[in-house]
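Notes follow the structure.
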Amino acid sequence: HFQAPLLLSEYVQEIGRGGRDGKPAHTLTLISEPTGLLYPEDKQRQQYFNEKLQKQYQRAQQIAKKIPPQGEVAEIAKQYKDGEIALSLLHSLGQLEWRSPFHYIKTPKRTIKPNNIQQQSQQQMQKYLLTCHCRWQFLLNAFGFEKEATGFKCGHCDNCQR
């Protein structure tokens with residue numbers, strides 16, 4: 001990635017494409033310095049992605065009305081464009097829980113505002129990019145698999161290799 005997406009869920013979806021053929025894959029993500037002073041385009045890019053994210057939240061809410069109370073990610077992905085991202089956004093809004101990495105169950109609506117979630121999601125991506133711990137452990141925690149993440153070290157990411 002020359003520029004990482006703002007959402008961790010999008011990042012995971014994009015880097016996951018690298019290993020789908022079963023062969024080893026590597027990912028490299030370049031980030032600029034955090035102030036944006038050297039590259040003002042980064043602020044324009046962030047505004048663009050914020051607008052895109054708002055549209056994705058709106059789309060996720062539309063999908064939430066149509067999907068069954070529980071189901072599988074693969075089925076939602078087949079039925080709806082960007083269905084996986086919508087499920088992730090619904091999880092971030094507290095409207096969905098993961099029963100496994102592949103199965104979800106809808107939860108009663110909460111009153112979390114997308115703007116707060118948006119800021120948290122962007123901060124989460126920044127924390128991922130800057131973490132000194134195992135990146136896979138970070139991802140497990142970020143997607144609600146705290147039990148599986150406890151003590152986990154992948155042995156392959158840049159941080160585990162140090």
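Ligands are numbered from 1 in the order shown, chains are lettered A, B, ... in the order of the structure tokens, and residues start at 1 in each chain.
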Set out as a Markdown table a contact list for region 94-145 of chain A and region 8-18 of chain A with a cut-off of 8 Å, giving each residue of region 94-145 of chain A that qualifies its closest atom pair and distance in Å to one decimal, counting only C-alpha atoms, ordered by chain and rising residue number.
```
| residue | atom | partner | partner_atom | distance |
| --- | --- | --- | --- | --- |
| A:Ser121 | CA | A:Leu8 | CA | 7.1 |
| A:Gln122 | CA | A:Leu8 | CA | 7.9 |
| A:Gln124 | CA | A:Leu8 | CA | 7.0 |
| A:Met125 | CA | A:Leu8 | CA | 5.2 |
| A:Tyr128 | CA | A:Leu8 | CA | 7.9 |
```
Which polymer residues have any atom within 8 Å of an atom of region 138-149 of chain A, counting only C-alpha atoms, with same-chain residues fewer than 3 positions away left out, as a ChimeraX atom specification? /A:98,124,128,133-135,152
Write out as a ChimeraX atom specification the residues lying within 12 Å of Tyr80 (chain A), counting only C-alpha atoms and excluding same-chain residues fewer than 5 positions away. /A:59-60,62-64,66-67,73-75,85-87
For the residues selected in the previous step, produce a file with C-alpha atoms as a compact mmCIF listing (two decimals), in the first residue's frame.
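Dumped to part.txt:
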```txt
# COMPACT_ATOMS: atom_id res chain seq x y z
CA ARG A 59 -25.02 1.34 3.10
CA ALA A 60 -24.36 -0.87 6.14
CA GLN A 62 -29.50 -0.48 4.55
CA ILE A 63 -28.00 -3.98 4.53
CA ALA A 64 -28.75 -4.39 8.26
CA LYS A 66 -32.30 -6.89 4.94
CA ILE A 67 -29.95 -9.49 6.40
CA VAL A 73 -20.20 -13.82 6.00
CA ALA A 74 -19.86 -15.72 2.71
CA GLU A 75 -23.60 -15.62 2.08
CA ILE A 85 -17.38 -4.36 5.02
CA ALA A 86 -20.99 -3.68 5.97
CA LEU A 87 -20.87 -6.50 8.54
```
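Restricting the calculation to only C-alpha atoms, the smallest distance between Arg45 (chain A) and any of A:Glu97, A:Leu129, A:Gly151, A:Gln3 is found for A:Gln3.
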Which of these residues is nearest to Phe49 (chain A), using only C-alpha atoms: A:Phe102, A:Thr150, A:Leu7, A:His156?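 Of all the options, A:Leu7 lies closest to Phe49 (chain A).
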I'd like to know which of A:Asn159, A:Gln58, A:Ser88, A:Ser32 is closest to Lys106 (chain A), using only C-alpha atoms.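 When distances to Lys106 (chain A) are compared using only C-alpha atoms, the smallest one comes from A:Ser88.
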Could you give me the residues within chain A that DSSP places in strand (DSSP E or B), as number ranges by chain? A: 70-72, 96-100, 103-106
How would the residues just picked look written out with C-alpha atoms as a JSON list (two decimals), in the first residue's frame?
```
[["chain", "number", "residue", "atom", "x", "y", "z"],
["A", 70, "GLN", "CA", -27.79, -14.55, 12.06],
["A", 71, "GLY", "CA", -25.78, -15.95, 9.22],
["A", 72, "GLU", "CA", -22.50, -16.45, 7.43],
["A", 96, "LEU", "CA", -23.67, -7.29, 15.27],
["A", 97, "GLU", "CA", -21.53, -9.82, 17.15],
["A", 98, "TRP", "CA", -19.15, -12.39, 15.72],
["A", 99, "ARG", "CA", -19.87, -15.98, 16.80],
["A", 100, "SER", "CA", -16.81, -17.13, 14.87],
["A", 103, "HIS", "CA", -20.66, -16.38, 11.51],
["A", 104, "TYR", "CA", -22.52, -13.35, 12.86],
["A", 105, "ILE", "CA", -25.59, -12.62, 14.94],
["A", 106, "LYS", "CA", -27.39, -9.28, 14.95]]
```
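Taking CA of Gln119 (chain A) and CA of Pro69 (chain A) as endpoints, the distance between them is 27.5 Å.
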